[in-house]
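Colleague: Below is a structure I'd like to ask you about.
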Amino acid sequence: MVITQISVFRVELPFARGSYQLSGGRTWQSLDSTVIRIDTDAGLVGWGETCPFGPNYLDAFARGARAGIAELAPGLIGRDPSRPAVIYAQLDDHLLGHPYVKHAIDMACWDLLGKLARQPLYTLFGGMLSEFPPTSGWIPPTHGPRLDELLARHRAEGCRQFSTRASGDPEADIEFLLRLGEIMLPGETVRFDANRGWRVDEALRVLRVTGSVEAYFEEPCASYEEIRALRRSVDRPVVLDECALDLDTLLRAHADGICDGVNLKIGRVGGLTPALAMRDLCSALGIPFYLQCTGGSGITQAAIVHLAHASAPERLLSIWDIGDLVALDTVANPVPRKDGRMHAHHLPGLGVEPLAEVLGEPVAVYS
Ligand code: MG
């Protein structure tokens, strides 16, 4: 089987709740997602997606994804996509860095390998370990009775883990988290994501003052060194996200004793192939992890769920439900969610069928 054509689509994904704001006033109205379709001489078609969130979130941006694919795609024509590790080595040989670009191509190659082998991806990733991985219930920062309603709705869906984000204003964040702590029940936890929004002194104050709340603090400060300084000063659990780019960071964070968990986003680390290695390292080192992506639609969701299925339940904390984030899906058969959990379709590859009417005409075709 060899690649005969690569088509690139651009899809605007509106947020489910209007705009989306991160710490530091970073606000976006929608996500710019790039979907790729790889055609082969065997008649099989593979799908991939990359959606690096807003351009001031990571060293990644949507138009950069499409420019990177334009750089890489011509060299992939005639290559065998059923060997993702070989393809990945070729991508690295041709283009240094830019993991979010390689992520889409890598995903489509895995999809094709699954279709060729007639196996769902979780089987190729090592087999079913977590049959019904839990989702975390997303709580937008809000106050008043609305907060109680949101928690009640997530509980009714079976969620016991919640995630929310900090504003970056330490006083407002303390007030919000303490309020949340008042209405959380025993056994429930919340992941409070600062997206690098606090200085070390601000983060210290938030973590200390909210000591009564069962919370994990995700990427609290702007750099690895600041997070290390924080974690060494306060005995509260910290989750690494934006700074956890590769195996080296994980090893270093583990050795430094500052990694209580990692948010393993497949797009940030460069796709399923590198994420598999990070999953294995987390499992070996005993680091609990969340599985998410920087953004995307039902194609990305399927990739996350397959990797979650093949992850040890004692290490996997929760997965992301992209339906909580965006209001438009690119697939006809999104991974179903039931009782706060997800289970991938028992179909070859990713097991999802993209909708031509949502993708529209390709913005680029390479053959
Ligand atoms: Mg995060």
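Residues in the structure tokens are named by chain (A, B, ... in the order shown) and by number from 1 within that chain; ligands are numbered from 1 in the order shown.
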Write out as a ChimeraX atom specification each polymer residue whose atoms come within 9 Å of region 155-167 of chain A, counting only C-alpha atoms; drop sequence neighbours fewer than 6 positions from it.

Modeller: /A:21-25,134-141,173,176-177,185,187-195,197,218,317-318,338-341

Colleague: Kindly provide the residues of region 231-265 of chain A that approach region 270-284 of chain A to within 9 Å, each paired with its closest atom pair and their distance in Å to one decimal, based on only C-alpha atoms, listed by chain and increasing number, as a Markdown table.

Modeller:
```
| residue | atom | partner | partner_atom | distance |
| --- | --- | --- | --- | --- |
| A:Leu245 | CA | A:Gly270 | CA | 8.5 |
| A:Asp246 | CA | A:Met278 | CA | 7.2 |
| A:Leu247 | CA | A:Met278 | CA | 6.1 |
| A:Leu250 | CA | A:Cys282 | CA | 7.9 |
| A:Leu251 | CA | A:Leu281 | CA | 8.3 |
| A:Gly261 | CA | A:Cys282 | CA | 8.9 |
| A:Val262 | CA | A:Cys282 | CA | 8.4 |
| A:Leu264 | CA | A:Ala275 | CA | 7.3 |
| A:Lys265 | CA | A:Ala275 | CA | 7.9 |
```

Colleague: Select from region 68-261 of chain A everything DSSP, run on the backbone, classes as strand (DSSP E or B), then give the selection as an MDAnalysis selection string.

Modeller: chainID A and resid 120 134:135 137:138 161:165 189:193 215:218 238:240 261

Colleague: Residues at most 9 Å from Ala312 (chain A), counting only C-alpha atoms, excluding those fewer than 2 positions away in the same chain, as a list in words?

Modeller: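 The contact residues come out as Met128, Leu129, Ser130, Ser283, Ala308, His309, Ala310, Glu314, Arg315 and Leu316 of chain A.
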
Colleague: With distances taken over only C-alpha atoms, which residue among A:Ala117, A:Leu240, A:Leu150, A:Ala222 lies nearest Leu347 (chain A)?

Modeller: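 Checking each candidate against Leu347 (chain A), we get A:Ala117 as the closest.
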
Colleague: Residues within 7 Å of region 66-75 of chain A, please, as a ChimeraX atom specification. Count only C-alpha atoms; anything in the same chain fewer than 6 positions from it doesn't count.

Modeller: /A:6,91,101,366

Colleague: Pick out the residues sitting within 9 Å of Gly349 (chain A), and hand them over as a PyMOL selection string; count only C-alpha atoms, and ignore anything fewer than 4 positions along from it in its own chain.

Modeller: chain A and resi 46+110-122+124

Colleague: Could the residues in this selection be written to a file with N, CA and C atoms, as a tab-separated table (two decimals), in the first residue's frame?

Modeller:
```tsv
chain	number	residue	atom	x	y	z
A	46	GLY	N	-7.20	7.21	4.93
A	46	GLY	CA	-6.88	7.50	6.32
A	46	GLY	C	-7.15	8.97	6.64
A	110	TRP	N	-1.78	5.93	11.16
A	110	TRP	CA	-2.31	4.93	12.09
A	110	TRP	C	-3.70	4.47	11.67
A	111	ASP	N	-4.52	5.42	11.22
A	111	ASP	CA	-5.87	5.06	10.76
A	111	ASP	C	-5.77	4.06	9.61
A	112	LEU	N	-4.83	4.31	8.70
A	112	LEU	CA	-4.65	3.40	7.56
A	112	LEU	C	-4.11	2.04	7.99
A	113	LEU	N	-3.19	2.05	8.92
A	113	LEU	CA	-2.67	0.76	9.42
A	113	LEU	C	-3.80	-0.06	10.03
A	114	GLY	N	-4.67	0.59	10.81
A	114	GLY	CA	-5.79	-0.12	11.40
A	114	GLY	C	-6.73	-0.67	10.35
A	115	LYS	N	-6.97	0.12	9.32
A	115	LYS	CA	-7.87	-0.35	8.25
A	115	LYS	C	-7.24	-1.49	7.46
A	116	LEU	N	-5.94	-1.41	7.24
A	116	LEU	CA	-5.25	-2.50	6.53
A	116	LEU	C	-5.29	-3.79	7.36
A	117	ALA	N	-5.07	-3.63	8.67
A	117	ALA	CA	-5.05	-4.81	9.57
A	117	ALA	C	-6.46	-5.22	9.97
A	118	ARG	N	-7.44	-4.38	9.65
A	118	ARG	CA	-8.84	-4.61	10.03
A	118	ARG	C	-8.99	-4.72	11.54
A	119	GLN	N	-8.29	-3.82	12.22
A	119	GLN	CA	-8.32	-3.81	13.68
A	119	GLN	C	-8.55	-2.38	14.18
A	120	PRO	N	-9.29	-2.23	15.27
A	120	PRO	CA	-9.38	-0.90	15.87
A	120	PRO	C	-8.01	-0.50	16.43
A	121	LEU	N	-7.78	0.81	16.51
A	121	LEU	CA	-6.44	1.26	16.89
A	121	LEU	C	-6.03	0.80	18.28
A	122	TYR	N	-6.99	0.70	19.20
A	122	TYR	CA	-6.57	0.31	20.55
A	122	TYR	C	-5.91	-1.07	20.56
A	124	LEU	N	-3.98	-2.21	18.13
A	124	LEU	CA	-2.61	-1.99	17.65
A	124	LEU	C	-1.76	-1.27	18.70
```

Colleague: DSSP on the backbone: what in region 140-312 of chain A comes out alpha helix (DSSP H), as a ChimeraX atom specification?

Modeller: /A:145-156,170-183,200-209,224-233,247-256,266-269,272-285,298-309
